[in-house]
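Peer 1: This is the structure I want to talk about, given as structure tokens.
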Amino acid sequence: MSGRVLMVDDDATMCAMLRTHLTKRGFEVMTYGTAQEAFDALRTSDFDVVVTDLNMRGMSGLELCERIAADRPDIPVVVVTAFGNLDTAIGAIRAGAYDFVPKPFEIEALVVTLERAIQHRRLHEEVTRLRRVVAEARRFDDILGDSPAMRRVYDLLERIKDSDASVLITGASGTGKELVARALHRRSQRRAGPFMAINCAAMPETLLESELFGHARGAFTDAKGARTGLFVQAGGGTLFLDEIGELSLGLQPKLLRALQERKVRPLGAEAEVPFDARLVVATNCDLESAVAQQRFREDLYYRINVIHIDLPPLRARGNDVLLLAQDFLGRYATVAGKQIASISPAAAEKLLGYGWPGNVRELQNCMERAVALAQYGEIVVEDLPEKIRDYRRTHIVIASDDPSELVPMDMVEHRYIERVLESVGGNKTDAAKILGFDRTTLYRKLERYGLARPPKLE
């Protein structure tokens with residue numbers, strides 16, 4: 001990581017030596033012989049990090065730390081001194097220093113410290129920027145995000161908003177599929193009509209059929225009166241069927257006929273009733289795999305999948321993680337009556353480094369918890385759940401010269417397939433394309449490595 005380094009030390013030889021080494025490693029280095037000269041330079045130029053000795057003529061390194069902390073708190077200060085004892089280190093940190101490096105030191109150790117300090121500053125700048133832009137960030141109704149992946153989603157939503165074609169929204173659990181469906185309805189020409197939503201996995205087949213298509217009086221034991229189904233209730237508006245992949249095989253042909261004929265037959269009724277609703281469905285299942293396994297009708301799949309919106313997992317949305325975290329922070333701090341304005345750079349780094357298997361829903365839960373636990377004016381690492389604080393990415397080592405670090409080819413394949421599946425949110429069709437397998441080969445390998453999920457019984 002390159003960056004601009006301001007170095008202050010009254011030892012000209014030391015300055016020259018460090019400038020030479022750091023310049024070779026990509027840093028831009030300016031050196032000064034006194035703390036006052038360095039502080040004056042900060043007022044006219046911008047630097048990513050300050051490196052200062054402690055014992056200098058005139059203004060000391062500790063005084064420089066204090067003045068930078070008061071005047072430019074965004075710039076981290078690394079203290080380098082031969083007087084490396086605990087009291088000196090504590091004094092430097094209390095004066096506002098970011099880190100403390102005692103002499104003598106290895107140049108690589110200083111480089112690592114500088115890289116951490118620069119990363120800290122850039123995260124601090126990003127958090128500050130996000131606090132400014134959350135209220136005016138690019139939104140599609142209630143959907144927040146400005147990553148390239150989300151901009152592609154917005155563009156597609158804008159292009160299809162006034163179409164009556166069926167829409168299939170896919171994505172892992174917690175990516176905001178219903179939020180997208182509601183936003184699409186509110187931006188469409190059907191926005192004056194109702195938005196009706198139902199979860200296909202939330203009720204048994206007979207009750208779901210009655211909810212969707214309605215029933216006549218006496219159609220079953222408790223049918224004391226006729227009931228209009230959601231297809232008709234959503235007339236002029238949008239009907240959203242969540243978890244469409246869980247629809248029973250018995251109901252699938254009835255749904256297909258309704259979509260083909262644009263009519264529904266209520267349970268126990270003799271006549272069909274026309275409807276005028278746009279259908280939007282969502283699933284976190286791989287419907288192509290379900291079709292291949294004969295758990296979902298192919299003709300119904302093509303009927304609902306006229307327009308496909310695939311929502312990216314949170315880990316693929318870059319700094320949207322911090323944008324969303326700041327938005328959730330503002331909401332929950334207001335509800336809790338707490339004066340919490342921001343996320344510390346260290347906590348932001350943890351949020352960016354975590355894999356977010358639960359996606360936006362997990363991040364929302366995380367920030368609600370952090371606000372509840374927070375004791376300061378910002379969210380710190382200690383406020384985050386332990387699994388996020390301690391998260392470490394797993395890597396396959398393939399370039400090591402140490403035989404003890406190398407693993408068998410089966411394990412490499414196992415881990416890589418697992419990583420690809422994670423990256424595509426469990427979509428086996430997409431995973432097979434990336435891996436270069438046909439689906440049969442992929443299923444066989446999933447069984448072999450214990451990665452396959454048994455199909456749900458209908």
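Each chain in the structure tokens gets a letter, A, B and so on, in the order shown; residues start at 1 in every chain, and ligands are counted from 1 in the order they appear.
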If you run DSSP on the backbone, which residues of region 308-369 of chain A are strand (DSSP E or B), as a ChimeraX atom specification?
Peer 2: /A:308-310,342-343
Peer 1: Write the residues you've just listed into a file as a compact mmCIF listing (two decimals), in the first residue's frame, and include N, CA and C atoms for each of them.
Peer 2:
# COMPACT_ATOMS: atom_id res chain seq x y z
N HIS A 308 -35.67 -12.02 -14.95
CA HIS A 308 -34.94 -12.56 -13.80
C HIS A 308 -34.10 -11.46 -13.16
N ILE A 309 -34.30 -11.27 -11.86
CA ILE A 309 -33.46 -10.34 -11.08
C ILE A 309 -32.70 -11.16 -10.06
N ASP A 310 -31.38 -11.18 -10.16
CA ASP A 310 -30.56 -11.93 -9.22
C ASP A 310 -29.88 -10.95 -8.28
N SER A 342 -21.12 7.38 14.73
CA SER A 342 -20.29 6.76 13.70
C SER A 342 -19.79 5.39 14.12
N ILE A 343 -19.05 4.78 13.20
CA ILE A 343 -18.42 3.48 13.40
C ILE A 343 -16.91 3.70 13.40
Peer 1: DSSP on the backbone: which residues in region 310-391 of chain A end up as helix (DSSP H, G or I)? Give the answer as number ranges by chain.
Peer 2: A: 314-316, 320-336, 345-353, 359-373, 381-383, 386-389
Peer 1: Keeping C-alpha atoms, export the residues of the selection given above as a tab-separated table (two decimals), in the first residue's frame.
Peer 2:
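Output contents, as saved in selection-v9.tsv:
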chain	number	residue	atom	x	y	z
A	314	LEU	CA	-23.76	-8.64	0.76
A	315	ARG	CA	-20.13	-9.81	0.52
A	316	ALA	CA	-20.20	-8.89	-3.20
A	320	ASP	CA	-22.31	-1.00	0.71
A	321	VAL	CA	-21.63	-2.91	3.94
A	322	LEU	CA	-20.55	0.32	5.66
A	323	LEU	CA	-23.27	2.36	3.94
A	324	LEU	CA	-25.95	0.00	5.26
A	325	ALA	CA	-24.28	-0.28	8.67
A	326	GLN	CA	-24.28	3.52	9.05
A	327	ASP	CA	-27.95	3.65	8.03
A	328	PHE	CA	-28.90	0.96	10.57
A	329	LEU	CA	-26.80	2.74	13.20
A	330	GLY	CA	-28.76	5.94	12.70
A	331	ARG	CA	-32.11	4.14	12.96
A	332	TYR	CA	-31.33	2.15	16.10
A	333	ALA	CA	-29.51	4.99	17.85
A	334	THR	CA	-32.60	7.16	17.39
A	335	VAL	CA	-34.90	4.44	18.77
A	336	ALA	CA	-32.57	3.83	21.73
A	345	PRO	CA	-12.24	2.56	11.68
A	346	ALA	CA	-11.26	-0.67	13.47
A	347	ALA	CA	-14.91	-1.77	13.67
A	348	ALA	CA	-15.43	-0.78	10.02
A	349	GLU	CA	-12.48	-2.97	9.06
A	350	LYS	CA	-14.08	-5.93	10.85
A	351	LEU	CA	-17.42	-5.31	9.12
A	352	LEU	CA	-15.74	-5.18	5.70
A	353	GLY	CA	-13.71	-8.32	6.35
A	359	ASN	CA	-26.52	-10.96	4.24
A	360	VAL	CA	-28.30	-7.66	4.97
A	361	ARG	CA	-30.54	-9.23	7.59
A	362	GLU	CA	-27.49	-10.37	9.56
A	363	LEU	CA	-25.88	-6.92	9.27
A	364	GLN	CA	-29.08	-5.31	10.54
A	365	ASN	CA	-29.13	-7.65	13.54
A	366	CYS	CA	-25.44	-6.93	14.16
A	367	MET	CA	-25.95	-3.16	14.22
A	368	GLU	CA	-29.00	-3.38	16.46
A	369	ARG	CA	-26.91	-5.38	18.93
A	370	ALA	CA	-23.95	-2.99	18.62
A	371	VAL	CA	-26.11	0.03	19.41
A	372	ALA	CA	-27.59	-1.72	22.43
A	373	LEU	CA	-24.11	-2.50	23.80
A	381	VAL	CA	-14.88	-3.52	17.81
A	382	GLU	CA	-15.96	-4.69	21.27
A	383	ASP	CA	-19.59	-3.87	20.41
A	386	GLU	CA	-17.67	-12.39	18.69
A	387	LYS	CA	-17.93	-14.27	15.38
A	388	ILE	CA	-17.36	-10.98	13.52
A	389	ARG	CA	-14.57	-9.81	15.83
Peer 1: Quick one: residues within 10 Å of region 180-184 of chain A, only C-alpha atoms counted, chain neighbours fewer than 2 positions away excluded, as number ranges by chain?
Peer 2: A: 140-143, 153-154, 157-158, 160-162, 167-169, 175-178, 186-191, 195-197, 238-242, 279-282, 309, 311
Peer 1: Restricted to C-alpha atoms, what would the selected residues look like written as a compact mmCIF listing (two decimals), in the first residue's frame?
Peer 2:
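Generated output (out.txt):
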# COMPACT_ATOMS: atom_id res chain seq x y z
CA PHE A 140 -34.41 2.72 -5.39
CA ASP A 141 -37.24 3.50 -2.97
CA ASP A 142 -36.19 1.84 0.33
CA ILE A 143 -33.25 -0.05 -1.17
CA VAL A 153 -30.12 -4.10 -10.19
CA TYR A 154 -31.50 -0.53 -10.15
CA LEU A 157 -35.75 -2.44 -12.15
CA GLU A 158 -36.10 0.91 -13.88
CA ILE A 160 -39.01 -3.29 -16.29
CA LYS A 161 -41.09 -1.26 -13.84
CA ASP A 162 -44.00 -0.68 -16.23
CA VAL A 167 -40.60 -11.42 -12.52
CA LEU A 168 -38.44 -13.99 -10.72
CA ILE A 169 -36.23 -12.55 -7.95
CA THR A 175 -30.59 -10.15 0.47
CA GLY A 176 -33.86 -8.18 0.39
CA LYS A 177 -36.02 -9.94 -2.19
CA GLU A 178 -39.35 -8.71 -0.80
CA ARG A 186 -44.23 1.34 -5.95
CA ARG A 187 -42.35 2.50 -9.05
CA SER A 188 -44.67 0.75 -11.51
CA GLN A 189 -47.79 1.93 -13.28
CA ARG A 190 -49.69 -0.39 -10.91
CA ARG A 191 -48.61 1.54 -7.79
CA PHE A 195 -49.47 -5.14 -3.14
CA MET A 196 -50.42 -8.59 -1.84
CA ALA A 197 -47.74 -10.90 -0.46
CA THR A 238 -48.98 -6.84 -7.74
CA LEU A 239 -49.07 -10.32 -6.23
CA PHE A 240 -45.81 -11.40 -4.58
CA LEU A 241 -45.22 -15.10 -3.95
CA ASP A 242 -42.21 -15.62 -1.70
CA LEU A 279 -46.92 -11.71 -10.62
CA VAL A 280 -43.58 -11.31 -8.85
CA VAL A 281 -42.06 -14.40 -7.24
CA ALA A 282 -38.91 -14.95 -5.18
CA ILE A 309 -33.46 -10.34 -11.08
CA LEU A 311 -29.70 -10.05 -6.03
Peer 1: Please report the interatomic distance between CA of Gly355 (chain A) and CA of Ser423 (chain A) in Å with one decimal.
Peer 2: 9.8 Å
Peer 1: Suppose you want the space between CA of Pro312 (chain A) and CA of Gly174 (chain A); what is it in Å?
Peer 2: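 Distance reported for this atom pair: 10.5 Å.
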Peer 1: Considering only C-alpha atoms, can you say which of A:Glu63, A:Ala12, A:Phe275, A:Val101 comes closest to Val51 (chain A)?
Peer 2: A:Val101
Peer 1: Distance CA of Arg448 (chain A)-CA of Leu421 (chain A), one decimal place?
Peer 2: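 Computing the Euclidean distance for CA of Arg448 (chain A) and CA of Leu421 (chain A) yields 15.0 Å.
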